[in-house]
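Asks: Contents are compact mmCIF, C-alpha atoms; file name final_27.txt:
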```
# COMPACT_ATOMS: atom_id res chain seq x y z
CA MET A 1 37.89 -21.06 75.33
CA ARG A 2 34.88 -19.53 77.09
CA SER A 3 32.14 -21.97 78.02
CA THR A 4 28.49 -21.15 77.47
CA VAL A 5 25.91 -21.86 80.19
CA PRO A 6 24.53 -24.96 78.42
CA GLY A 7 28.12 -26.10 77.93
CA ARG A 8 28.83 -25.77 81.64
CA ILE A 9 25.66 -27.63 82.55
CA GLY A 10 26.62 -30.36 80.10
CA LEU A 11 30.09 -30.63 81.62
CA ALA A 12 28.64 -30.82 85.13
CA LEU A 13 26.17 -33.51 84.08
CA ALA A 14 28.88 -35.52 82.33
CA THR A 15 31.09 -35.24 85.41
CA ALA A 16 28.23 -36.44 87.63
CA VAL A 17 27.55 -39.40 85.31
CA LEU A 18 31.24 -40.37 85.24
CA LEU A 19 31.49 -40.13 89.03
CA ALA A 20 28.34 -42.19 89.51
CA TRP A 21 29.52 -44.82 87.00
CA SER A 22 32.90 -45.16 88.71
CA LEU A 23 32.01 -44.78 92.37
CA ALA A 24 28.43 -46.03 92.83
CA PRO A 25 29.30 -49.76 92.72
CA VAL A 26 32.25 -49.26 95.07
CA TYR A 27 30.19 -47.13 97.44
CA TRP A 28 27.35 -49.66 97.43
CA ALA A 29 29.80 -52.53 98.11
CA VAL A 30 31.39 -50.67 101.02
CA ALA A 31 28.03 -49.60 102.45
CA THR A 32 26.65 -53.14 102.17
CA SER A 33 29.73 -54.63 103.79
CA LEU A 34 29.10 -52.38 106.81
CA THR A 35 25.47 -53.53 107.10
CA ALA A 36 24.54 -56.48 109.29
CA PRO A 37 23.22 -59.40 107.18
CA THR A 38 19.95 -59.40 109.14
CA ASP A 39 19.32 -55.78 108.12
CA TRP A 40 19.35 -56.59 104.40
CA THR A 41 15.91 -58.16 104.54
CA SER A 42 14.39 -56.40 107.53
CA VAL A 43 11.29 -54.28 106.94
CA PRO A 44 10.96 -51.02 108.90
CA ARG A 45 7.96 -50.98 111.28
CA MET B 1 87.68 -33.76 27.79
CA THR B 2 89.02 -37.10 28.75
CA SER B 3 89.26 -36.62 32.49
CA GLN B 4 86.90 -38.78 34.56
CA ALA B 5 85.94 -38.82 38.20
CA PRO B 6 87.82 -41.52 40.03
CA THR B 7 85.74 -44.63 40.54
CA PRO B 8 85.29 -45.91 44.09
CA ALA B 9 87.48 -48.86 43.24
CA ALA B 10 90.28 -46.59 42.03
CA ARG B 11 89.99 -44.18 44.98
CA PRO B 12 92.54 -44.88 47.69
CA THR B 13 90.67 -45.75 50.87
CA ARG B 14 91.41 -47.04 54.33
CA ARG B 15 88.31 -49.11 55.05
CA GLY B 16 89.75 -51.16 57.88
CA ALA B 17 89.15 -48.69 60.74
CA PRO B 18 85.51 -47.66 59.88
CA ASP B 19 84.56 -51.29 59.24
CA ALA B 20 85.93 -52.28 62.62
CA ALA B 21 84.02 -49.43 64.31
CA ALA B 22 80.77 -50.38 62.56
CA SER B 23 81.27 -54.01 63.49
CA GLY B 24 81.97 -53.02 67.09
CA GLU B 25 78.76 -50.95 67.22
CA ARG B 26 76.82 -53.85 65.77
CA TRP B 27 78.09 -56.19 68.47
CA LEU B 28 77.41 -53.58 71.14
CA GLY B 29 73.84 -53.21 69.88
CA LEU B 30 73.40 -56.97 69.92
CA ALA B 31 74.82 -57.13 73.45
CA PHE B 32 72.30 -54.52 74.63
CA ALA B 33 69.42 -56.30 72.91
CA ALA B 34 70.49 -59.78 74.05
CA PRO B 35 68.83 -59.71 77.52
CA VAL B 36 65.48 -58.79 75.96
CA ILE B 37 65.87 -61.41 73.24
CA VAL B 38 66.78 -64.09 75.81
CA LEU B 39 63.89 -63.10 78.10
CA MET B 40 61.38 -63.03 75.24
CA ALA B 41 62.65 -66.38 74.00
CA ALA B 42 62.48 -67.97 77.45
CA LEU B 43 59.13 -66.52 78.50
CA VAL B 44 57.24 -66.23 75.19
CA PHE B 45 58.68 -68.04 72.19
CA VAL B 46 59.83 -71.32 73.78
CA PRO B 47 56.52 -71.88 75.67
CA LEU B 48 54.66 -70.95 72.48
CA VAL B 49 56.55 -73.46 70.36
CA LEU B 50 56.22 -76.13 73.08
CA THR B 51 52.46 -75.50 73.29
CA LEU B 52 52.16 -75.73 69.53
CA TRP B 53 54.19 -78.96 69.49
CA ASP B 54 52.24 -80.51 72.38
CA SER B 55 48.94 -79.64 70.69
CA LEU B 56 49.95 -82.06 67.93
CA HIS B 57 50.22 -84.91 70.44
CA ARG B 58 47.71 -86.71 72.64
CA ILE B 59 48.63 -85.70 76.21
CA ASP B 60 46.08 -87.16 78.58
CA PRO B 61 47.00 -88.31 82.10
CA MET B 62 44.29 -90.96 81.94
CA ARG B 63 45.81 -92.61 78.87
CA ALA B 64 49.26 -94.10 78.42
CA GLY B 65 51.78 -92.54 76.03
CA THR B 66 51.84 -89.27 74.13
CA PRO B 67 51.50 -90.30 70.47
CA PHE B 68 51.77 -87.81 67.61
CA ILE B 69 48.26 -87.24 66.24
CA GLY B 70 48.88 -84.33 63.86
CA LEU B 71 45.97 -81.92 63.45
CA ARG B 72 43.30 -84.21 64.93
CA HIS B 73 42.66 -81.89 67.90
CA TYR B 74 42.16 -78.97 65.54
CA VAL B 75 39.70 -80.99 63.45
CA ASP B 76 37.84 -82.07 66.62
CA LEU B 77 37.68 -78.45 67.78
CA MET B 78 35.83 -77.50 64.60
CA ALA B 79 33.10 -80.03 65.41
CA ASP B 80 32.85 -79.30 69.16
CA SER B 81 29.54 -77.53 69.81
CA ASN B 82 30.69 -76.24 73.22
CA VAL B 83 33.72 -74.62 71.62
CA ARG B 84 31.49 -73.06 68.95
CA GLN B 85 29.20 -71.63 71.63
CA ALA B 86 32.21 -70.31 73.58
CA TRP B 87 33.54 -68.62 70.41
CA LEU B 88 30.15 -66.96 69.85
CA ASN B 89 30.04 -65.77 73.46
CA THR B 90 33.58 -64.42 73.20
CA ALA B 91 32.75 -62.62 69.96
CA ALA B 92 29.78 -60.99 71.73
CA TYR B 93 32.00 -59.97 74.66
CA VAL B 94 34.62 -58.53 72.33
CA ALA B 95 32.05 -56.56 70.34
CA ILE B 96 30.34 -55.13 73.44
CA ALA B 97 33.61 -54.44 75.26
CA VAL B 98 35.37 -52.77 72.33
CA VAL B 99 32.41 -50.52 71.46
CA PHE B 100 31.55 -49.43 75.00
CA GLU B 101 35.13 -49.12 76.24
CA THR B 102 36.11 -47.03 73.22
CA VAL B 103 33.07 -44.76 73.23
CA GLY B 104 32.98 -44.43 77.02
CA GLY B 105 36.75 -44.10 77.33
CA LEU B 106 36.85 -41.42 74.63
CA GLY B 107 34.02 -39.52 76.34
CA ALA B 108 35.75 -39.74 79.71
CA ALA B 109 39.08 -38.66 78.21
CA LEU B 110 37.48 -35.65 76.46
CA LEU B 111 35.79 -34.67 79.71
CA LEU B 112 38.99 -35.05 81.74
CA ASN B 113 40.87 -33.05 79.13
CA ARG B 114 38.28 -30.29 79.22
CA ILE B 115 37.67 -29.65 82.92
CA ARG B 116 40.09 -27.53 84.91
CA ILE B 117 38.76 -27.69 88.48
CA GLY B 118 39.12 -31.00 90.35
CA ARG B 119 40.58 -32.81 87.37
CA ARG B 120 42.94 -34.97 89.44
CA TRP B 121 40.10 -36.05 91.75
CA LEU B 122 37.91 -36.98 88.82
CA LEU B 123 40.85 -38.83 87.24
CA ALA B 124 41.41 -40.74 90.50
CA ALA B 125 37.72 -41.66 90.68
CA THR B 126 37.75 -42.75 87.02
CA ILE B 127 40.79 -44.98 87.51
CA LEU B 128 39.43 -46.62 90.67
CA PRO B 129 37.57 -49.51 88.93
CA TRP B 130 40.74 -50.39 87.01
CA ALA B 131 42.65 -50.61 90.31
CA LEU B 132 40.32 -53.29 91.64
CA PRO B 133 41.41 -56.90 91.16
CA PRO B 134 39.13 -58.70 88.67
CA VAL B 135 37.93 -61.15 91.31
CA VAL B 136 36.92 -58.36 93.71
CA ASN B 137 35.24 -56.55 90.84
CA ALA B 138 33.26 -59.65 89.89
CA ILE B 139 32.16 -60.28 93.49
CA VAL B 140 30.98 -56.67 93.87
CA TRP B 141 28.89 -56.98 90.72
CA MET B 142 27.64 -60.44 91.68
CA TRP B 143 25.98 -58.79 94.68
CA ILE B 144 24.72 -55.87 92.59
CA TYR B 145 23.00 -58.38 90.27
CA ASN B 146 21.64 -60.46 93.16
CA PRO B 147 17.83 -60.76 92.72
CA SER B 148 17.10 -60.63 96.47
CA TYR B 149 19.42 -57.96 97.83
CA GLY B 150 21.07 -56.46 94.74
CA LEU B 151 21.33 -52.80 93.85
CA LEU B 152 20.13 -53.33 90.28
CA ASP B 153 16.86 -55.05 91.19
CA GLY B 154 16.34 -52.65 94.10
CA ALA B 155 16.73 -49.59 91.87
CA LEU B 156 14.55 -51.01 89.08
CA LEU B 157 11.83 -52.03 91.57
CA ARG B 158 11.88 -48.60 93.18
CA PHE B 159 11.48 -46.83 89.84
CA GLY B 160 8.78 -49.26 88.74
CA VAL B 161 10.72 -50.66 85.75
CA ILE B 162 10.17 -54.23 86.96
CA ALA B 163 7.31 -55.51 89.10
CA ALA B 164 9.16 -58.39 90.80
CA PRO B 165 12.81 -59.30 91.43
CA HIS B 166 14.42 -60.62 88.27
CA VAL B 167 17.06 -63.36 87.99
CA TRP B 168 19.22 -61.80 85.29
CA PHE B 169 21.42 -64.80 84.57
CA ASN B 170 18.46 -66.99 83.57
CA ASP B 171 18.41 -65.32 80.16
CA ARG B 172 21.41 -65.81 77.87
CA SER B 173 21.41 -62.43 76.16
CA THR B 174 20.95 -60.53 79.43
CA ALA B 175 23.66 -62.60 81.08
CA LEU B 176 26.10 -61.90 78.23
CA VAL B 177 25.46 -58.15 78.40
CA LEU B 178 25.78 -58.05 82.20
CA VAL B 179 29.07 -59.98 82.22
CA ALA B 180 30.39 -57.71 79.47
CA LEU B 181 29.25 -54.66 81.45
CA VAL B 182 31.36 -55.76 84.43
CA HIS B 183 34.37 -56.09 82.16
CA VAL B 184 33.69 -52.71 80.56
CA TRP B 185 33.40 -51.09 83.98
CA ARG B 186 36.83 -52.39 84.96
CA MET B 187 38.68 -51.78 81.68
CA MET B 188 37.20 -48.51 80.45
CA PRO B 189 39.56 -46.42 82.63
CA LEU B 190 42.57 -47.87 80.80
CA THR B 191 41.15 -46.71 77.46
CA ALA B 192 40.37 -43.31 78.98
CA VAL B 193 43.93 -42.89 80.30
CA ILE B 194 45.52 -43.91 76.96
CA LEU B 195 43.31 -41.45 75.05
CA LEU B 196 43.77 -38.70 77.64
CA ALA B 197 47.55 -38.92 77.19
CA ALA B 198 47.10 -38.52 73.43
CA LEU B 199 44.64 -35.61 73.85
CA GLN B 200 47.06 -33.74 76.08
CA GLY B 201 49.70 -33.93 73.36
CA ILE B 202 47.61 -31.96 70.85
CA PRO B 203 48.78 -28.31 70.64
CA ALA B 204 46.07 -25.79 71.62
CA GLU B 205 47.16 -23.57 68.69
CA LEU B 206 45.63 -26.01 66.22
CA TYR B 207 42.18 -25.55 67.76
CA GLU B 208 42.61 -21.76 67.92
CA ALA B 209 43.60 -21.64 64.24
CA ALA B 210 40.66 -23.88 63.31
CA ARG B 211 38.22 -21.69 65.27
CA LEU B 212 39.58 -18.59 63.55
CA ASP B 213 38.85 -20.33 60.26
CA GLY B 214 35.26 -20.85 61.40
CA ALA B 215 35.37 -24.50 62.43
CA GLY B 216 32.86 -25.59 65.08
CA PRO B 217 33.43 -28.12 67.89
CA ILE B 218 32.30 -31.11 65.84
CA ARG B 219 34.48 -30.17 62.86
CA CYS B 220 37.46 -29.60 65.20
CA PHE B 221 36.87 -33.03 66.70
CA ARG B 222 36.65 -34.73 63.30
CA LYS B 223 39.51 -32.89 61.60
CA ILE B 224 41.97 -32.34 64.45
CA THR B 225 41.27 -34.52 67.47
CA LEU B 226 40.45 -37.83 65.80
CA PRO B 227 43.39 -37.85 63.33
CA LEU B 228 45.87 -36.86 66.04
CA ILE B 229 44.75 -39.52 68.50
CA SER B 230 44.40 -42.29 65.91
CA GLY B 231 47.62 -43.98 67.07
CA ALA B 232 46.46 -44.03 70.68
CA LEU B 233 43.02 -45.14 69.52
CA ALA B 234 44.61 -48.14 67.79
CA ILE B 235 46.45 -49.06 70.97
CA ALA B 236 43.25 -48.67 72.99
CA LEU B 237 41.31 -50.80 70.50
CA SER B 238 44.02 -53.47 70.51
CA GLN B 239 44.20 -53.69 74.27
CA SER B 240 40.42 -53.76 74.69
CA THR B 241 40.17 -56.52 72.08
CA VAL B 242 42.93 -58.60 73.66
CA PHE B 243 41.58 -58.18 77.19
CA ALA B 244 38.04 -59.05 76.07
CA PHE B 245 39.38 -62.14 74.29
CA ASN B 246 41.09 -63.14 77.54
CA LEU B 247 37.99 -62.53 79.67
CA PHE B 248 37.80 -65.22 82.34
CA ASP B 249 37.50 -64.06 85.96
CA GLU B 250 34.29 -62.06 85.68
CA ALA B 251 32.42 -64.64 83.58
CA TRP B 252 33.60 -67.52 85.77
CA ILE B 253 32.68 -65.88 89.07
CA LEU B 254 29.37 -64.45 87.90
CA ALA B 255 28.03 -67.47 86.03
CA GLY B 256 30.44 -70.37 86.66
CA SER B 257 30.79 -72.86 83.83
CA SER B 258 27.38 -72.01 82.31
CA LEU B 259 27.50 -72.50 78.55
CA ASP B 260 25.41 -69.35 78.10
CA THR B 261 28.23 -67.11 79.29
CA ARG B 262 31.29 -69.35 78.89
CA THR B 263 34.24 -67.61 77.31
CA ILE B 264 36.76 -69.31 75.08
CA VAL B 265 39.44 -69.00 77.79
CA ALA B 266 37.07 -70.66 80.26
CA GLN B 267 36.61 -73.41 77.67
CA VAL B 268 40.42 -73.83 77.50
CA TYR B 269 40.54 -74.03 81.30
CA MET B 270 37.75 -76.62 81.42
CA ALA B 271 39.28 -78.73 78.65
CA ALA B 272 42.77 -78.69 80.13
CA PHE B 273 42.27 -78.62 83.88
CA GLN B 274 38.80 -80.02 84.54
CA ASN B 275 38.50 -82.64 81.81
CA LEU B 276 42.31 -83.16 81.85
CA HIS B 277 42.59 -83.13 78.05
CA PHE B 278 45.79 -81.09 78.16
CA SER B 279 46.75 -81.17 74.51
CA TYR B 280 43.15 -80.47 73.41
CA GLY B 281 43.20 -77.38 75.63
CA MET B 282 46.57 -76.40 74.19
CA ALA B 283 45.24 -76.66 70.63
CA LEU B 284 42.35 -74.41 71.60
CA SER B 285 44.69 -71.93 73.29
CA VAL B 286 46.77 -71.75 70.10
CA LEU B 287 43.63 -70.89 68.13
CA VAL B 288 42.65 -68.25 70.71
CA MET B 289 46.09 -66.66 70.46
CA LEU B 290 45.96 -66.60 66.65
CA ALA B 291 42.48 -65.06 66.64
CA SER B 292 43.46 -62.42 69.17
CA CYS B 293 46.63 -61.54 67.21
CA LEU B 294 44.73 -61.35 63.90
CA VAL B 295 42.07 -59.00 65.23
CA SER B 296 44.67 -56.75 66.87
CA LEU B 297 46.78 -56.79 63.72
CA VAL B 298 43.91 -55.30 61.74
CA TYR B 299 43.86 -52.20 63.96
CA VAL B 300 47.63 -51.84 64.13
CA LEU B 301 48.18 -52.18 60.37
CA ARG B 302 45.31 -49.84 59.59
CA VAL B 303 46.64 -47.13 61.87
CA TYR B 304 50.23 -47.70 60.73
CA ARG B 305 49.11 -47.17 57.13
CA GLU B 306 47.27 -43.98 58.07
CA THR B 307 50.05 -42.50 60.17
CA SER B 308 53.08 -43.74 58.22
CA LEU B 309 55.00 -40.87 56.62
CA GLY B 310 56.53 -43.19 54.05
```
Could you rewrite the structure in this file as structure tokens?
Replies:
Amino acid sequence: MRSTVPGRIGLALATAVLLAWSLAPVYWAVATSLTAPTDWTSVPR
Amino acid sequence: MTSQAPTPAARPTRRGAPDAAASGERWLGLAFAAPVIVLMAALVFVPLVLTLWDSLHRIDPMRAGTPFIGLRHYVDLMADSNVRQAWLNTAAYVAIAVVFETVGGLGAALLLNRIRIGRRWLLAATILPWALPPVVNAIVWMWIYNPSYGLLDGALLRFGVIAAPHVWFNDRSTALVLVALVHVWRMMPLTAVILLAALQGIPAELYEAARLDGAGPIRCFRKITLPLISGALAIALSQSTVFAFNLFDEAWILAGSSLDTRTIVAQVYMAAFQNLHFSYGMALSVLVMLASCLVSLVYVLRVYRETSLG
């Protein structure tokens, strides 16, 4: 079946949402675990 | 005409050999099924009957003897306000989990079934939350919900949705939704995989024929996809209901023994292993099992009726 342009954009958006839903918490957990605890609250000067 | 067909009784037969063969096959079938029957009896039925029997006694390590008390525990459970609150919380978890897992899982399955490029990578990413142990999952989300350093508060503050960090678990309804969300995040991939397997079994010719007849995407979905995945949908609904009924790890780690988010399984744990009222906990666990079976049975019977050829 041939996809229309809006259909392709919809598929791409849905894929992005699914990826973000599945990976964002894991990515954030990994990124936080690699951050020093003192950096969590530090304010850039 | 006086001739008649010979009756079975009058017909000469040699029934000995076929009967022996049928009997042999029956015994062979029983022999093959025996290990499963023995395992199920040892691991499921015997503990179930023992639990049921013990729930009719008073088993309390702080009190001497184990007298038979009949249905007293079940009567007490009806009047226990903590149990009532835990039932309400569990019902809320089940409702949220079943709706979001089914809708989200169906959407993910349709998407995975549709895309051609990078499907296996997207499938791997989708399954990832399901591969995490529940405890790890709960700890990840505990930090996401943290009011000081959490991702949720950080994102909402950045976009101006909230003006100050918010303690989400101070409010019962928010806490219930957030605990349920963690469970949905972990279990939705299972629903998606079950439905994806069913979607991949639908012949493409059916859709082509429907399109030739002028059916649009929504009509194809309603008239072809939904009926042909109804069996898998029933399985997905049953498993999401049962897993939501058995929710424990996420609620316990995120909110501890708080009555606002306490599940019925957490109530069983507290009754049996914290308050040491073993038989009271057993009575409650029997009720949980019955409720879970009843809700699942509704889906299974409904789908069986719809798909049965008889």
Asks: Return the neighbours of chain A among the residues of chain B, cut-off 7 Å, counting only C-alpha atoms, as a PDB file with C-alpha atoms, keeping the file's coordinate frame.
Replies:
```pdb
ATOM      1  CA  ALA B 125      37.720 -41.660  90.680  1.00  0.00           C
ATOM      2  CA  THR B 126      37.750 -42.750  87.020  1.00  0.00           C
ATOM      3  CA  LEU B 128      39.430 -46.620  90.670  1.00  0.00           C
ATOM      4  CA  PRO B 129      37.570 -49.510  88.930  1.00  0.00           C
ATOM      5  CA  VAL B 140      30.980 -56.670  93.870  1.00  0.00           C
ATOM      6  CA  TYR B 149      19.420 -57.960  97.830  1.00  0.00           C
TER       7      TYR B 149
END
```
Asks: Quick one: residues within 12 Å of range 104-118 of chain B, all atoms listed in the file counted, chain neighbours fewer than 4 positions away excluded, as JSON, numbers by chain?
Replies: {"A": [1, 2, 3, 7, 8, 10, 11, 12, 13, 14, 15, 16, 17, 18, 19, 21, 22], "B": [96, 97, 98, 99, 100, 122, 123, 124, 125, 126, 127, 181, 184, 185, 186, 187, 188, 189, 190, 191, 192, 193, 194, 195, 196, 197, 198, 199, 200, 201, 202, 204, 221, 225, 226, 229, 230, 232, 233, 236, 237, 240]}
Asks: Separation of CA of Ala244 in chain B and CA of Ala272 in chain B, in Å?
Replies: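 Spanning CA of Ala244 in chain B to CA of Ala272 in chain B is a straight-line distance of 20.6 Å.
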Asks: Please measure the separation of CA of Leu50 in chain B and CA of Ala34 in chain B, giving the value in Å to one decimal.
Replies: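 Taking CA of Leu50 in chain B and CA of Ala34 in chain B, their separation equals 21.7 Å.
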Asks: Measure the distance from CA of Asp39 in chain A to CA of Ser148 in chain B in Å and round it to one decimal.
Replies: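 Answer for the CA of Asp39 in chain A to CA of Ser148 in chain B separation: 12.8 Å.
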Asks: Measuring between only C-alpha atoms, which one of B:Arg302, B:Leu152, B:Gly281, B:Ser296 shows the shortest distance to Asp54 in chain B?
Replies: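 Closest residue, counting only C-alpha atoms: B:Gly281.
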Asks: Find the residue from B:Arg84, B:Arg63, B:Arg120, B:Arg305 that sits nearest to Leu259 in chain B; use all atoms listed in the file when measuring.
Replies: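 For Leu259 in chain B, the nearest of the given residues is B:Arg84.
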Asks: With distances taken over all atoms listed in the file, which residue among B:Tyr269, B:Phe32, B:Trp252, B:Tyr299 lies nearest Ile139 in chain B?
Replies: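 Of all the options, B:Trp252 lies closest to Ile139 in chain B.
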Asks: Excluding same-chain residues fewer than 5 positions from range 69-78 of chain B, what lies within 12 Å of it counting all atoms listed in the file, as a list in words?
Replies: Leu52, Trp53, Asp54, Ser55, Leu56, His57, Arg58, Ile59, Val83, Arg84, Gln85, Ala86, Trp87, Ile264, Gln267, Val268, Ala271, His277, Phe278, Ser279, Tyr280, Gly281, Met282, Ala283, Leu284, Ser285, Val286, Leu287 and Val288 of chain B
Asks: Keeping only C-alpha atoms, write those residues as a tab-separated table (two decimals), keeping the file's coordinate frame.
Replies:
```tsv
chain	number	residue	atom	x	y	z
B	52	LEU	CA	52.16	-75.73	69.53
B	53	TRP	CA	54.19	-78.96	69.49
B	54	ASP	CA	52.24	-80.51	72.38
B	55	SER	CA	48.94	-79.64	70.69
B	56	LEU	CA	49.95	-82.06	67.93
B	57	HIS	CA	50.22	-84.91	70.44
B	58	ARG	CA	47.71	-86.71	72.64
B	59	ILE	CA	48.63	-85.70	76.21
B	83	VAL	CA	33.72	-74.62	71.62
B	84	ARG	CA	31.49	-73.06	68.95
B	85	GLN	CA	29.20	-71.63	71.63
B	86	ALA	CA	32.21	-70.31	73.58
B	87	TRP	CA	33.54	-68.62	70.41
B	264	ILE	CA	36.76	-69.31	75.08
B	267	GLN	CA	36.61	-73.41	77.67
B	268	VAL	CA	40.42	-73.83	77.50
B	271	ALA	CA	39.28	-78.73	78.65
B	277	HIS	CA	42.59	-83.13	78.05
B	278	PHE	CA	45.79	-81.09	78.16
B	279	SER	CA	46.75	-81.17	74.51
B	280	TYR	CA	43.15	-80.47	73.41
B	281	GLY	CA	43.20	-77.38	75.63
B	282	MET	CA	46.57	-76.40	74.19
B	283	ALA	CA	45.24	-76.66	70.63
B	284	LEU	CA	42.35	-74.41	71.60
B	285	SER	CA	44.69	-71.93	73.29
B	286	VAL	CA	46.77	-71.75	70.10
B	287	LEU	CA	43.63	-70.89	68.13
B	288	VAL	CA	42.65	-68.25	70.71
```
Asks: Please return range 19-32 of chain A, rebuilt to N, CA and C atoms, as an mmCIF file, keeping the file's coordinate frame.
Replies:
```
data_model
loop_
_atom_site.group_PDB
_atom_site.id
_atom_site.type_symbol
_atom_site.label_atom_id
_atom_site.label_comp_id
_atom_site.auth_asym_id
_atom_site.auth_seq_id
_atom_site.Cartn_x
_atom_site.Cartn_y
_atom_site.Cartn_z
ATOM 1 N N LEU A 19 31.270 -39.831 87.609
ATOM 2 C CA LEU A 19 31.490 -40.130 89.030
ATOM 3 C C LEU A 19 30.564 -41.244 89.500
ATOM 4 N N ALA A 20 29.297 -41.159 89.094
ATOM 5 C CA ALA A 20 28.340 -42.190 89.510
ATOM 6 C C ALA A 20 28.723 -43.547 88.937
ATOM 7 N N TRP A 21 29.107 -43.565 87.671
ATOM 8 C CA TRP A 21 29.520 -44.820 87.000
ATOM 9 C C TRP A 21 30.715 -45.446 87.712
ATOM 10 N N SER A 22 31.670 -44.624 88.113
ATOM 11 C CA SER A 22 32.900 -45.160 88.710
ATOM 12 C C SER A 22 32.735 -45.494 90.191
ATOM 13 N N LEU A 23 32.001 -44.652 90.905
ATOM 14 C CA LEU A 23 32.010 -44.780 92.370
ATOM 15 C C LEU A 23 30.793 -45.492 92.939
ATOM 16 N N ALA A 24 29.649 -45.454 92.243
ATOM 17 C CA ALA A 24 28.430 -46.030 92.830
ATOM 18 C C ALA A 24 28.600 -47.505 93.206
ATOM 19 N N PRO A 25 29.146 -48.361 92.318
ATOM 20 C CA PRO A 25 29.300 -49.760 92.720
ATOM 21 C C PRO A 25 30.228 -49.934 93.928
ATOM 22 N N VAL A 26 31.303 -49.147 93.953
ATOM 23 C CA VAL A 26 32.250 -49.260 95.070
ATOM 24 C C VAL A 26 31.582 -48.781 96.357
ATOM 25 N N TYR A 27 30.874 -47.657 96.262
ATOM 26 C CA TYR A 27 30.190 -47.130 97.440
ATOM 27 C C TYR A 27 29.162 -48.138 97.954
ATOM 28 N N TRP A 28 28.391 -48.703 97.026
ATOM 29 C CA TRP A 28 27.350 -49.660 97.430
ATOM 30 C C TRP A 28 27.994 -50.889 98.091
ATOM 31 N N ALA A 29 29.125 -51.358 97.530
ATOM 32 C CA ALA A 29 29.800 -52.530 98.110
ATOM 33 C C ALA A 29 30.288 -52.220 99.523
ATOM 34 N N VAL A 30 30.881 -51.041 99.692
ATOM 35 C CA VAL A 30 31.390 -50.670 101.020
ATOM 36 C C VAL A 30 30.230 -50.513 101.996
ATOM 37 N N ALA A 31 29.176 -49.820 101.563
ATOM 38 C CA ALA A 31 28.030 -49.600 102.450
ATOM 39 C C ALA A 31 27.376 -50.923 102.831
ATOM 40 N N THR A 32 27.266 -51.842 101.871
ATOM 41 C CA THR A 32 26.650 -53.140 102.170
ATOM 42 C C THR A 32 27.528 -53.958 103.120
#
```
